[in-house]
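A.B. asks: This structure is in structure tokens; I'll ask about it shortly.
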Amino acid sequence: MNIIERGKTHLQSLYSLSKRTAWDWKRCPTCGSSHTCCWGGYKRHPWFLDGRHEVRVQRHLCHNCDGTYSEGSALLVRGSWYAREVQRSAVDHWQHLGTSLRRTAEVLRSWMGRQERWLLWHPLAEEPNERCYLSASTVHRWLDHAGKQAQASVAGQLQGIGRAQTLGTDGLWAKLKGQVQRVVLLLADSVSGLLYPPVVAEGEESERSWQQLFAQAQQAGLVLKTLRGVTSDGAQGLQAYLRRHLAWVQHQRCVWHLWRNLSPHLSRAASQAAAGLNGEAAEQTRKQARAELTTLLHKIMDAQSYDQAEVALAALQGHPLGTAIATLLNEHFDRVLVHLVAYYEGLQRVTPEWYWRDFRLRLSHGRNHRSDQRLQRAALLWAIYHNFEPAQARSERKRHYRHPGQSALQVAGVPPGQVSYLDALGL
Ligand SMILES: [Zn+2]
């Protein structure tokens, strides 16, 4: 079952629980016998978003197996003082709004108990008689549970969804407890934007980290055989992994990262041009040399065809200051232009860094997660959330969305419909 089917099943189970009649409850859940009778009941006082309610729970006795059982409710979570809506809204506050555990607890307490912030919102309201004591540690426990559910959902999560052929990868560094540094590695389908379950690794330079990432993606449903291309920055570990294990997969160097790597070489060449000059003249010459080289580089990097790029490369080699840069670029030449080949259609020229904006907005740089395991669970949870969440419908001044108003799952051809990420996590 993939993640949407699991969500549907969970939603269906809640629905049928809510529709159970007195007659349905007559059947013993242990042995299936209907030879049962009502056996008293007890009262519970769970908190809902609009306050505390009294709920009576009916018990039954089974004459066949001599066991007793009590009726369940879709609105409640067995053994919890807080209704399902409270737990789901806590996870959503933290995940969608990016609030801290402490503030999530505070705002939910305010809603439930008509206390704290509620009194700011309602200037004439009075202190409630009964206070709600939801704590940040309880919210943390719920989130931890959600994270474990996300972890358990990795196998088969995207089975049969998307059929990715071109991927983009990137890493985001996080500082954890005790000066420990870890990197969250991400693998995204370049066409649909579907995220495969991320991995927390010790570094980008080891082949093993990338192997972990691809192995987990494979477990989640990625078919390695049909892969065609991967976009990444110059991380050695990934290149080694691709060469050794996915020899048929082409590597596209991220153009943005390459520009950044070339920048010091450009400066050096420009200084060379200005050698022996000083003052205004030196500055002018430096600027002009840099502009000339940049124009030539653009012609290579942004070429519309291999032939155009070849011509531009020759021009760069011919430039009195361009030889060193041309030699450097020649090494990456093929890997800069993979995206032009029809077979690799969909492959991006740059690594998918824009996902980290969404990640950081919600999970910060990772400091709050403190340990590897917690960061791992948070990243897995976020990836599921991200796949379900529609992109903003409206473009902003600086940000445009490739598929406005659509979720990655929808773009991949499997619209989740009624199913939310919370259902998918079985909460
Ligand atoms: Zn029974």
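Here, A, B, ... name the chains of the structure tokens in the order displayed, residue numbers run from 1 inside each chain, and ligands are numbered from 1 in the same displayed order.
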Mind listing the strand (DSSP E) residues of stretch 1-91 of chain A, per DSSP on the backbone, as a VMD selection string?
C.D. replies: chain A and resid 36 to 44 47 to 48 51 to 52 55 to 62 68 to 70
A.B. asks: List all protein, DNA and RNA residues that have at least one atom no more than 12 Å from any atom of ligand 1, counting only C-alpha atoms and all ligand atoms, and write them as a short mmCIF file (atom, residue, chain, number, x, y, z; two decimals) with C-alpha atoms, in the first residue's frame.
C.D. replies:
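Output (result34.cif):
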```cif
data_model
loop_
_atom_site.label_atom_id
_atom_site.label_comp_id
_atom_site.auth_asym_id
_atom_site.auth_seq_id
_atom_site.Cartn_x
_atom_site.Cartn_y
_atom_site.Cartn_z
CA TRP A 25 -21.52 -2.85 18.92
CA LYS A 26 -23.39 -5.98 20.01
CA ARG A 27 -20.78 -8.03 18.18
CA CYS A 28 -17.83 -8.96 20.42
CA PRO A 29 -14.57 -7.68 18.85
CA THR A 30 -12.61 -10.60 20.35
CA CYS A 31 -14.63 -13.64 19.29
CA GLY A 32 -17.26 -12.18 16.96
CA SER A 33 -20.18 -13.55 18.93
CA SER A 34 -23.41 -11.52 19.20
CA HIS A 35 -24.38 -13.20 22.44
CA THR A 36 -23.53 -10.08 24.47
CA CYS A 37 -25.25 -7.65 26.79
CA HIS A 60 -20.48 -4.72 26.97
CA LEU A 61 -20.09 -8.23 28.32
CA CYS A 62 -19.65 -11.18 25.98
CA HIS A 63 -21.31 -14.36 27.24
CA ASN A 64 -19.37 -16.47 24.77
CA CYS A 65 -15.78 -15.53 25.75
CA ASP A 66 -16.56 -13.94 29.13
CA GLY A 67 -14.66 -10.80 28.11
CA THR A 68 -15.81 -7.19 28.39
CA TYR A 69 -15.23 -4.43 25.87
#
```
A.B. asks: Compare A:His140, A:Val200, A:Leu195, A:His251 by their minimum atom-to-atom distance to A:Gly162, counting only C-alpha atoms, and give me the closest one.
C.D. replies: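 Distance minimum relative to A:Gly162 lands on A:Leu195.
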A.B. asks: Between atom CA of A:Gly41 and atom CA of A:Trp142, what is the distance, to one decimal in Å?
C.D. replies: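 Distance reported for this atom pair: 27.8 Å.
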